[in-house]
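These notes concern the structure reproduced below.
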Amino acid sequence: MEGIKIRLVCWEDGKRVEKDLERTDRWTLHSAVEMQVTLPWADNVTVRLKQEPGGLNASRLGVGACLWEGELFLAAYLASLPLHRYIGARVVELGAGPGLIGLMLAKLGANVVITDIGKVLGLIVENVELNKLSVAQRRGHASGVCSVQELEWGKNGYEGVVSSLAGGGVDWVLAADCCYIDNEGESPSTPHFVRACHGLCASASTKVLVSFELRSALVKSTFLREAGRGFARVKRVPAKALPKGCKVDHIELYELSLKRESIAEVVEADGGPDDATDEGTTPVVEGTPE
């Protein structure tokens with residue numbers, strides 16, 4: 001992707017080096033210990049991030065140690081929407097890793113709960129404080145605040161955490177690169193992930209956006225099947241809805257909604273094998289979200 005301004009801090013030959021990344025790629029992103037991400041479509045809002053490239057091993061922080069392209073893709077899309085939507089909005093970010101999306105929206109006026117598994121929370125807290133968005137740092141402000149909470153879908157008791165978060169009302173549920181395959185070639189956590197998204201929908205007006213890199217046809221088909229069972233609408237956001245430079249083919253974005261479309265809103269699905277759904281599930285349609 002191009003157009004997102006990213007300044008990286010890396011270690012090269014034992015020296016701390018700063019450099020600008022003009023075109024995103026996973027390997028360069030994951031070499032950085034710090035970065036500054038600026039979204040030009042959102043009044044050049046800038047988020048500072050620390051990450052832990054050495055922690056990508058599953059025995060340490062795992063995939064939450066670093067920023068992935070799917071999160072940049074979703075951030076770019078959100079940054080391109082009318083910014084007034086975020087002022088005072090209640091947002092929950094799932095599987096946030098370093099927390100780019102939640103931090104960006106808090107800077108744009110949202111009240112955000114950033115979630116991930118327990119061992120990633122320390123990194124998120126560090127980034128919240130680095131951007132001066134913690135509850136203590138924003139005391140006296142009615143909006144633009146981040147809090148951090150553990151949420152691991154599939155873990156015993158996760159439904160209670162979801163219910164608690166939904167209790168205060170949620171306007172946006174956001175997730176990037178949260179669905180993976182395991183060593184057995186299965187995607188066992190994806191049904192729980194979709195249930196968490198569904199449970200966070202405090203009303204039919206809650207917007208759920210999920211992006212992911214196309215690493216596995218199985219992950220995509222599992223996600224679409226489960227989303228089709230739980231939601232009244234599963235809509236793929238077309239690449240043309242993304243800002244110039246971010247219209248890539250290897251990342252997809254979906255909007256899930258409990259609200260059914262009117263006949264006038266329904267558009268024809270691609271009809272390809274990856275978009276096939278089981279009997280009793282919601283078909284995938286393609287179109288620009290409301």
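Residues in the structure tokens are numbered from 1 in each chain, the chains being A, B, ... in the order shown, and ligands are numbered from 1 in the order shown.
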Extract, using only C-alpha atoms, all DNA, RNA and protein residues at most 6 Å from Leu253 in chain A, discarding same-chain residues fewer than 6 positions from it, and format them as a PyMOL selection string. chain A and resi 210-211+236-237
Atoms kept (N, CA and C atoms) for selection, written as a compact mmCIF listing (two decimals), in the first residue's frame:
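Listing of again.txt after writing:
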# COMPACT_ATOMS: atom_id res chain seq x y z
N VAL A 210 -14.34 -5.91 9.61
CA VAL A 210 -13.31 -6.93 9.79
C VAL A 210 -12.46 -6.99 8.52
N SER A 211 -11.16 -6.82 8.67
CA SER A 211 -10.25 -6.93 7.53
C SER A 211 -9.27 -8.07 7.77
N ARG A 236 -18.99 -7.26 1.54
CA ARG A 236 -17.59 -6.96 1.26
C ARG A 236 -17.48 -5.51 0.79
N VAL A 237 -16.58 -4.77 1.39
CA VAL A 237 -16.32 -3.39 0.99
C VAL A 237 -15.41 -3.43 -0.23
Any chance you could tabulate, as JSON lines, the residues of range 140-189 of chain A at most 12 Å from range 255-261 of chain A with each one's nearest atom pair and distance in Å to one decimal, using only C-alpha atoms, in chain and rising number order?
{"residue": "A:Asp171", "atom": "CA", "partner": "A:Ser257", "partner_atom": "CA", "distance": 11.5}
{"residue": "A:Trp172", "atom": "CA", "partner": "A:Glu255", "partner_atom": "CA", "distance": 10.6}
{"residue": "A:Val173", "atom": "CA", "partner": "A:Leu256", "partner_atom": "CA", "distance": 9.5}
{"residue": "A:Leu174", "atom": "CA", "partner": "A:Glu255", "partner_atom": "CA", "distance": 9.6}
{"residue": "A:Ala175", "atom": "CA", "partner": "A:Glu255", "partner_atom": "CA", "distance": 10.7}
Check which residues of range 195-271 of chain A sit at most 7 Å from range 152-164 of chain A using only C-alpha atoms, and return one row each with the closest pair of atoms and their distance in Å to one decimal, ordered by chain and rising number, as a tab-separated table.
residue	atom	partner	partner_atom	distance
A:Ala196	CA	A:Val162	CA	6.3
A:Gly199	CA	A:Val162	CA	6.1
A:Leu200	CA	A:Val162	CA	5.9
Which polymer residues have any atom within 7 Å of an atom of Gly102 in chain A, counting only C-alpha atoms, with same-chain residues fewer than 6 positions away left out, as a list of chain:residue names?
A:Glu93, A:Val112, A:Ile114
Export, as a short mmCIF file (atom, residue, chain, number, x, y, z; two decimals), in the first residue's frame, the selected residues with all heavy atoms.
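Done, and the output landed in out25.cif:
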data_model
loop_
_atom_site.label_atom_id
_atom_site.label_comp_id
_atom_site.auth_asym_id
_atom_site.auth_seq_id
_atom_site.Cartn_x
_atom_site.Cartn_y
_atom_site.Cartn_z
N GLU A 93 -11.96 -2.34 19.82
CA GLU A 93 -11.05 -2.98 18.85
C GLU A 93 -10.67 -4.35 19.38
O GLU A 93 -10.23 -4.50 20.52
CB GLU A 93 -9.79 -2.15 18.62
CG GLU A 93 -8.90 -2.79 17.57
CD GLU A 93 -7.60 -2.04 17.28
OE1 GLU A 93 -7.33 -1.02 17.92
OE2 GLU A 93 -6.87 -2.50 16.38
N VAL A 112 -12.54 4.61 23.30
CA VAL A 112 -12.12 3.32 22.75
C VAL A 112 -11.71 2.36 23.85
O VAL A 112 -11.02 2.74 24.80
CB VAL A 112 -10.93 3.53 21.77
CG1 VAL A 112 -10.53 2.19 21.14
CG2 VAL A 112 -11.28 4.55 20.69
N ILE A 114 -9.48 -0.95 23.81
CA ILE A 114 -8.58 -1.75 22.98
C ILE A 114 -8.38 -3.09 23.68
O ILE A 114 -8.01 -3.13 24.85
CB ILE A 114 -7.23 -1.04 22.78
CG1 ILE A 114 -7.45 0.35 22.17
CG2 ILE A 114 -6.33 -1.87 21.88
CD1 ILE A 114 -6.16 1.13 21.95
#
I want to know what sits within 12 Å of range 32-35 of chain A, based on only C-alpha atoms, with residues of the same chain fewer than 3 positions away left out; could you give that as a ChimeraX atom specification?
/A:5-12,16-21,25-29,38,46-55,65-68,98,100,123,126-127,130
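Picture a line from CA of Val148 in chain A to CA of Leu108 in chain A; it runs 17.6 Å.
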Counting only C-alpha atoms, the residue among A:Leu105, A:Ala166, A:Leu121, A:Arg215 that lies closest to Tyr77 in chain A is A:Leu105
* Suppose you want the space between CA of Ala176 in chain A and CA of Cys246 in chain A; what is it in Å? ->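 About the pair CA of Ala176 in chain A and CA of Cys246 in chain A: they are 15.1 Å apart.
Omitting Pro188 in chain A and its sequence neighbours fewer than 6 positions away, and counting only C-alpha atoms, the residues within 10 Å are A:Gly154, A:Cys179, A:Tyr180, A:Ile181, A:Asp182, A:Val219, A:Thr222.
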Figure out the distance between CA of Gly62 in chain A and CA of Gln137 in chain A, please, to one decimal in Å.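 These atoms are spaced 28.8 Å apart.
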message = I need the residues in range 60-231 of chain A that are helix (DSSP H, G or I) according to DSSP; give them as a PyMOL selection string.
response = chain A and resi 62-65+69-80+83-86+100-107+118-130+158-167+190-199+217-230
Nearby residues (only C-alpha atoms) at most 12 Å from Asn44 in chain A, same-chain spacing under 5 positions excluded, as a compact mmCIF listing (two decimals) with C-alpha atoms, in the first residue's frame:
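The resulting file, result_17.txt, is reproduced below:
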# COMPACT_ATOMS: atom_id res chain seq x y z
CA GLY A 3 -0.09 6.98 0.72
CA ILE A 4 0.20 6.23 4.44
CA LYS A 5 3.16 8.11 5.92
CA ILE A 6 5.20 5.70 8.04
CA GLN A 36 5.06 6.89 13.55
CA VAL A 37 2.00 6.41 11.33
CA THR A 38 0.29 9.42 9.75
CA LEU A 39 -3.07 9.12 7.96
CA ALA A 76 -6.89 3.87 5.89
CA ALA A 79 -9.59 7.60 7.97
CA SER A 80 -11.32 8.19 4.62
CA LEU A 83 -14.46 12.19 10.72
CA MET A 104 -6.19 6.66 15.79
CA LYS A 107 -7.25 10.88 18.61
CA LEU A 108 -10.25 11.64 16.41
As a PyMOL selection string, please: all residues of range 25-76 of chain A that backbone DSSP puts in strand (DSSP E or B).
chain A and resi 32-39+45-50
Writer output for current selection, N, CA, C and O atoms, as a CSV table (one decimal), in the first residue's frame:
chain,number,residue,atom,x,y,z
A,32,ALA,N,10.9,-3.0,12.6
A,32,ALA,CA,10.9,-1.7,13.4
A,32,ALA,C,10.6,-1.9,14.8
A,32,ALA,O,9.7,-2.8,15.2
A,33,VAL,N,11.3,-1.2,15.7
A,33,VAL,CA,11.0,-1.3,17.1
A,33,VAL,C,10.0,-0.1,17.5
A,33,VAL,O,9.3,-0.2,18.5
A,34,GLU,N,10.0,0.9,16.7
A,34,GLU,CA,9.1,2.0,16.9
A,34,GLU,C,8.6,2.5,15.5
A,34,GLU,O,9.4,2.3,14.5
A,35,MET,N,7.5,3.2,15.5
A,35,MET,CA,7.1,3.8,14.2
A,35,MET,C,6.1,4.9,14.5
A,35,MET,O,5.5,5.0,15.6
A,36,GLN,N,6.0,5.8,13.5
A,36,GLN,CA,5.1,6.9,13.5
A,36,GLN,C,4.2,6.8,12.3
A,36,GLN,O,4.7,6.8,11.2
A,37,VAL,N,2.9,6.6,12.5
A,37,VAL,CA,2.0,6.4,11.3
A,37,VAL,C,1.1,7.6,11.2
A,37,VAL,O,0.4,8.0,12.1
A,38,THR,N,1.1,8.2,10.0
A,38,THR,CA,0.3,9.4,9.8
A,38,THR,C,-0.7,9.1,8.7
A,38,THR,O,-0.3,8.6,7.6
A,39,LEU,N,-2.0,9.4,8.9
A,39,LEU,CA,-3.1,9.1,8.0
A,39,LEU,C,-3.5,10.4,7.3
A,39,LEU,O,-4.2,11.3,7.9
A,45,VAL,N,-3.7,12.9,11.1
A,45,VAL,CA,-3.6,12.4,12.5
A,45,VAL,C,-2.4,11.4,12.5
A,45,VAL,O,-2.2,10.6,11.6
A,46,THR,N,-1.7,11.5,13.6
A,46,THR,CA,-0.4,10.8,13.7
A,46,THR,C,-0.5,9.9,15.0
A,46,THR,O,-0.8,10.4,16.1
A,47,VAL,N,-0.1,8.6,14.8
A,47,VAL,CA,-0.1,7.7,16.0
A,47,VAL,C,1.3,7.2,16.1
A,47,VAL,O,2.0,6.8,15.1
A,48,ARG,N,1.8,7.2,17.3
A,48,ARG,CA,3.1,6.6,17.6
A,48,ARG,C,3.0,5.2,18.2
A,48,ARG,O,2.1,5.0,19.0
A,49,LEU,N,3.8,4.3,17.7
A,49,LEU,CA,3.7,2.9,18.2
A,49,LEU,C,5.0,2.4,18.6
A,49,LEU,O,6.0,2.6,17.9
A,50,LYS,N,5.1,1.6,19.6
A,50,LYS,CA,6.2,0.7,19.9
A,50,LYS,C,5.7,-0.7,19.6
A,50,LYS,O,4.5,-1.0,19.7
Quiz item: Got a sec: who's within 10 Å of Gly88 in chain A, counting only C-alpha atoms, leaving out chain neighbours fewer than 6 positions off, as a ChimeraX atom specification?
Solution: /A:106,108-112,142-145,171
Margin query: Using only C-alpha atoms, can you tell me which of A:Leu61, A:Leu224, A:Val285, A:Ala89 comes closest to Val194 in chain A?
Written below: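 Of the candidates, the smallest distance to Val194 in chain A is held by A:Leu224.
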